[in-house]
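Visitor: I am attaching a structure below and will ask some questions about it afterwards.
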There are 6 protein chains.
Amino acid sequence: MRSLRSLFPRTRVVDAHCDIPCGVYDPEQARIEAESCLRIIEKHDASDDKHFRARCIHVKEERAELVKHHLDVLWHDYFKPEHLERYPDLHETFWKASKQASKVKQSVDAGAARELLTMIDTIDEMWKATGGLEKTRVNGRPS
Amino acid sequence: MRSLRSLFPRTRVVDAHCDIPCGVYDPEQARIEAESCLRIIEKHDASDDKHFRARCIHVKEERAELVKHHLDVLWHDYFKPEHLERYPDLHETFWKASKQASKVKQSVDAGAARELLTMIDTIDEMWKATGGLEKTRVNGRPS
Amino acid sequence: MRSLRSLFPRTRVVDAHCDIPCGVYDPEQARIEAESCLRIIEKHDASDDKHFRARCIHVKEERAELVKHHLDVLWHDYFKPEHLERYPDLHETFWKASKQASKVKQSVDAGAARELLTMIDTIDEMWKATGGLEKTRVNGRPS
Amino acid sequence: MRSLRSLFPRTRVVDAHCDIPCGVYDPEQARIEAESCLRIIEKHDASDDKHFRARCIHVKEERAELVKHHLDVLWHDYFKPEHLERYPDLHETFWKASKQASKVKQSVDAGAARELLTMIDTIDEMWKATGGLEKTRVNGRPS
Amino acid sequence: MRSLRSLFPRTRVVDAHCDIPCGVYDPEQARIEAESCLRIIEKHDASDDKHFRARCIHVKEERAELVKHHLDVLWHDYFKPEHLERYPDLHETFWKASKQASKVKQSVDAGAARELLTMIDTIDEMWKATGGLEKTRVNGRPS
Amino acid sequence: MRSLRSLFPRTRVVDAHCDIPCGVYDPEQARIEAESCLRIIEKHDASDDKHFRARCIHVKEERAELVKHHLDVLWHDYFKPEHLERYPDLHETFWKASKQASKVKQSVDAGAARELLTMIDTIDEMWKATGGLEKTRVNGRPS
């Protein structure tokens, strides 16, 4: 079930520990909340029920806030100066993704939510390219 | 990068929406927090610094609480009566996983944290076998 | 004022301590939040004020979430394997109560909130029958 | 099981609603958290386990904070100017109880926690004497 | 840039430490949240967008709750019995300010929010007159 | 008492509103929490009481987390592309301040907390130079 287990043995993971207690980061957390935002917007748009739509706005507010939080953590805790050398647009990427998450909070625009997911994909690429998958997850991502 | 995208086209995902706004569930959220617990325990055990060890206990407390929360959400929100028919031990599995998360909270036992990760793997299997991957994630899990 | 004090002397309470720090559980916490949900729904229904109704939906969302949280804590922290032997439907009872709390979250249906209160009464009975009152409260419940 | 139900019929409760959505208050919430503080202190004192004692301090901090929160809500939301006429020492009583909760937070003094419980009993008396039991609870307190 | 720095040298601040860890209090925290409430109400009133107005109600609810929290902390943590002698209406002032914050929560009345700001100004005066500025801030307030 | 009131009349403030509900930002929120961190570290270092020191670590953890949160909000919500043109090192400044806040979380180093306060002063300068004081506060900062 966990085919990545053999590729990234335990000892390598231990080496990957940073100076922060947790040491486990994954853009997946931001993505799951952003997917929630997209689904909520789609369901909001498909409904005529005022009560339901009010609930959607409420829940989306919280989910988009969680996206911002998870992005912030990746930006200032996972990424290090050496990553910035490789990705000079690191800051700009996160800044725009955060502002996009604000847009998702402020609107019921499914396109904005999809754009946010694309931005998180870009961050996910950076995370993987800098060894995030091997270094921070215990057994790699499940498939 | 997203090979599952073609297998589960967008329209099927829309059908999968349940009566709850969010509709996105993934045991990955519980697993990431449980991995944090394991890493914190390992770092705690490897350190002699009193201040650092006190911080580990503090942070582990919060992470293990998040594991319990994410498990609770899966149990009472994602799983439905028809899943219970297929998995008669569904309740027992979650109950034991929650109690195991308590154990991880209460101890600095890396073995207990590993056992918790195995239990989350079992829940992940149930989630996948009941269509969780296709129905709740937007584009499937990233690899 | 506290007539139960003499019935459940202090020493018995100390014995009742479990391996978790707190050791104090009472379905009353879930019930108070569920009563809030009922009251909010009644006031929502009796009002024509849009702003007030929007606030009701917001506050009910939080209160129903607290019901679920308090039920979760009772289920995985207070109840032990020996209780399950006595109440084989323990898991089912909690599962249905959690799903009922979701219903209260999703609707403005006073009947659903009353049904939830009845389910909490059932849990309260289990809690009392398993010695919850004597074992977890310091001086018993006040009248 | 609910003998108070007949004494305080539903219609009276509806009348008791104030202009705040929830309208349900009970010093029991503060008391349950204060009982937790007492139990945690007792278990802390009875243990030699450093890890366990660190957890006790962590959890007590949160529980005592919840006591303060629940007292604050009673003070500024439940109690009204007419109650102040009847209880001119209302403010002083709450102020001292809040400062006592701080003391419970700051120390591992079981006597301080017991004193806090006594102060909450006094507030409970005021709540009952001003009709809190009939007006804010749906069916009265369970026994 | 920090002209107050020379007026309140570091050593005096250290003396001002109370028995609570933090020891830093400033009505500015309550004021900033109360200003948010006012701005949100103004923007709510100026908009015809249902979605935006729903968000305003949601966010205002949280901000007004923060005002109440910050006022509570000042009241029971910063102010001491000796301050009560100087300001016999201390309790009444805070009680009314808390009830005013409730009013801001319950309404979309800009006048109510402005009145709340005036009440916080009064509390700010008391805080300054009792040495709050010198004793609790590190370098005094920035201009 | 509020001498800035006449300099920044109400109408200008209204113009300053952005598309986000709140629209009120002030680095003072981050600074107050950072001052708390400094004070807690000083008191931690001056104490021999194990219980008190454990509480300090707990409370500092939360306060430093709040610093990071308030900095994040300023970075992605207050600052706009036009500010970045004026301050090309905007991102770097915030990134380093966030990493410094992590350092304050991880250590009991008063020097690290003072360095963090200096960094917040720099951000405060940027906020003022971009009109933050006039545009986001209702009546300017109190003295």
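Lettering and numbering for the structure tokens are positional, with chains as A, B, ... in the shown order, residues counted from 1 in each chain, and ligands counted from 1 in the shown order.
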Can you list, as an MDAnalysis selection string, every residue of chain D that DSSP puts in alpha helix (DSSP H)?
Guide: chainID D and resid 10:15 28:45 50:73 81:86 90:106 110:129 132:136
Visitor: As a list in words, could you give me every residue of chain A near chain C (at most 8 Å apart, counting only C-alpha atoms)?
Guide: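 Output check: His51, Phe52, Ala54, Arg55 and His58 of chain A.
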Visitor: So that I can check the surroundings of Lys60 of chain D, please list as a count of residues only every protein, DNA and RNA residue that reaches within 10 Å of it, counting only C-alpha atoms and ignoring chain neighbours fewer than 3 positions away.
Guide: 22
Visitor: Please list as a tab-separated table (two decimals) with all heavy atoms, in the first residue's frame every residue within 10 Å of Lys103 of chain D, counting only C-alpha atoms and excluding residues in the same chain fewer than 3 positions away.
Guide:
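around.tsv, written as the output of this step:
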chain	number	residue	atom	x	y	z
D	64	ALA	N	-8.43	26.70	33.38
D	64	ALA	CA	-8.64	27.90	34.21
D	64	ALA	C	-9.03	29.08	33.31
D	64	ALA	O	-9.85	29.92	33.70
D	64	ALA	CB	-7.38	28.22	35.01
D	97	ALA	N	-13.81	36.36	41.93
D	97	ALA	CA	-13.82	34.99	41.37
D	97	ALA	C	-12.86	34.90	40.18
D	97	ALA	O	-12.13	33.92	40.03
D	97	ALA	CB	-15.23	34.60	40.96
D	98	SER	N	-12.83	35.95	39.36
D	98	SER	CA	-11.91	35.96	38.22
D	98	SER	C	-10.46	35.98	38.70
D	98	SER	O	-9.60	35.29	38.14
D	98	SER	CB	-12.16	37.19	37.34
D	98	SER	OG	-13.42	37.10	36.73
D	99	LYS	N	-10.21	36.78	39.70
D	99	LYS	CA	-8.84	36.84	40.23
D	99	LYS	C	-8.47	35.51	40.90
D	99	LYS	O	-7.31	35.09	40.86
D	99	LYS	CB	-8.70	38.02	41.20
D	99	LYS	CG	-8.66	39.37	40.48
D	99	LYS	CD	-8.34	40.53	41.40
D	99	LYS	CE	-8.24	41.86	40.63
D	99	LYS	NZ	-7.19	41.93	39.60
D	100	GLN	N	-9.47	34.86	41.49
D	100	GLN	CA	-9.21	33.53	42.09
D	100	GLN	C	-8.88	32.51	40.98
D	100	GLN	O	-8.00	31.67	41.15
D	100	GLN	CB	-10.43	33.08	42.89
D	100	GLN	CG	-10.22	31.80	43.69
D	100	GLN	CD	-9.23	31.99	44.84
D	100	GLN	OE1	-8.99	33.10	45.30
D	100	GLN	NE2	-8.62	30.90	45.28
D	106	GLN	N	-2.13	30.16	38.12
D	106	GLN	CA	-0.74	30.46	38.47
D	106	GLN	C	-0.11	29.47	39.44
D	106	GLN	O	1.10	29.41	39.55
D	106	GLN	CB	-0.65	31.86	39.07
D	106	GLN	CG	-0.92	32.97	38.07
D	106	GLN	CD	-1.24	34.28	38.75
D	106	GLN	OE1	-0.94	34.46	39.92
D	106	GLN	NE2	-1.84	35.20	38.01
D	107	SER	N	-0.95	28.72	40.13
D	107	SER	CA	-0.40	27.87	41.18
D	107	SER	C	-0.81	26.41	40.97
D	107	SER	O	-1.58	26.10	40.06
D	107	SER	CB	-0.94	28.33	42.53
D	107	SER	OG	-2.33	28.08	42.59
D	108	VAL	N	-0.28	25.54	41.80
D	108	VAL	CA	-0.79	24.17	41.88
D	108	VAL	C	-1.27	23.97	43.31
D	108	VAL	O	-0.83	23.06	44.00
D	108	VAL	CB	0.26	23.12	41.48
D	108	VAL	CG1	0.33	22.97	39.98
D	108	VAL	CG2	1.64	23.47	42.02
D	109	ASP	N	-2.19	24.84	43.70
D	109	ASP	CA	-2.68	24.90	45.07
D	109	ASP	C	-4.14	24.41	45.09
D	109	ASP	O	-5.05	25.13	44.67
D	109	ASP	CB	-2.58	26.36	45.55
D	109	ASP	CG	-3.13	26.57	46.95
D	109	ASP	OD1	-3.70	25.62	47.52
D	109	ASP	OD2	-3.00	27.69	47.45
D	112	ALA	N	-6.67	26.66	46.63
D	112	ALA	CA	-7.11	27.77	45.77
D	112	ALA	C	-8.22	27.32	44.83
D	112	ALA	O	-9.18	28.06	44.57
D	112	ALA	CB	-5.92	28.32	44.97
D	113	ALA	N	-8.11	26.11	44.33
D	113	ALA	CA	-9.14	25.58	43.42
D	113	ALA	C	-10.44	25.33	44.18
D	113	ALA	O	-11.53	25.58	43.65
D	113	ALA	CB	-8.65	24.30	42.76
D	116	LEU	N	-12.11	28.58	44.72
D	116	LEU	CA	-12.76	29.00	43.47
D	116	LEU	C	-14.12	28.32	43.32
D	116	LEU	O	-15.12	28.96	42.96
D	116	LEU	CB	-11.87	28.67	42.27
D	116	LEU	CG	-12.44	28.93	40.88
D	116	LEU	CD1	-12.80	30.40	40.69
D	116	LEU	CD2	-11.46	28.48	39.80
E	19	ASP	N	2.33	39.48	39.14
E	19	ASP	CA	2.59	38.04	39.34
E	19	ASP	C	2.07	37.18	38.18
E	19	ASP	O	2.10	35.94	38.27
E	19	ASP	CB	1.98	37.58	40.66
E	19	ASP	CG	0.51	37.90	40.73
E	19	ASP	OD1	-0.06	38.38	39.73
E	19	ASP	OD2	-0.07	37.71	41.80
E	20	ILE	N	1.62	37.81	37.12
E	20	ILE	CA	1.15	37.05	35.96
E	20	ILE	C	2.26	37.05	34.90
E	20	ILE	O	2.88	38.06	34.69
E	20	ILE	CB	-0.13	37.69	35.40
E	20	ILE	CG1	-1.19	37.71	36.50
E	20	ILE	CG2	-0.64	36.92	34.19
E	20	ILE	CD1	-2.27	38.71	36.30
Visitor: Show which residues sit within 7 Å of Gln29 of chain F, as a list in words. Count only C-alpha atoms, and ignore same-chain residues fewer than 3 positions away.
Guide: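 Answer for this query is Gln29 of chain E; Asp26, Ile32, Glu33 and His70 of chain F.
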Visitor: Using C-alpha atoms, can you export the residues from the last selection as a short mmCIF file (atom, residue, chain, number, x, y, z; two decimals), in the first residue's frame?
Guide:
data_model
loop_
_atom_site.label_atom_id
_atom_site.label_comp_id
_atom_site.auth_asym_id
_atom_site.auth_seq_id
_atom_site.Cartn_x
_atom_site.Cartn_y
_atom_site.Cartn_z
CA GLN E 29 -6.00 45.91 21.70
CA ASP F 26 -1.69 48.30 13.02
CA ILE F 32 2.19 44.07 22.10
CA GLU F 33 2.50 40.30 21.77
CA HIS F 70 -0.34 39.49 13.17
#
Visitor: Can you tell me, as a list in words, what residues are no more than 8 Å from segment 75-88 of chain E when counting only C-alpha atoms, ignoring any on the same chain fewer than 6 positions away?
Guide: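 That gives Trp95, Ser98, Lys99 and Ser102 of chain D; Gly23, Tyr25, Phe94, Met126 and Thr130 of chain E.
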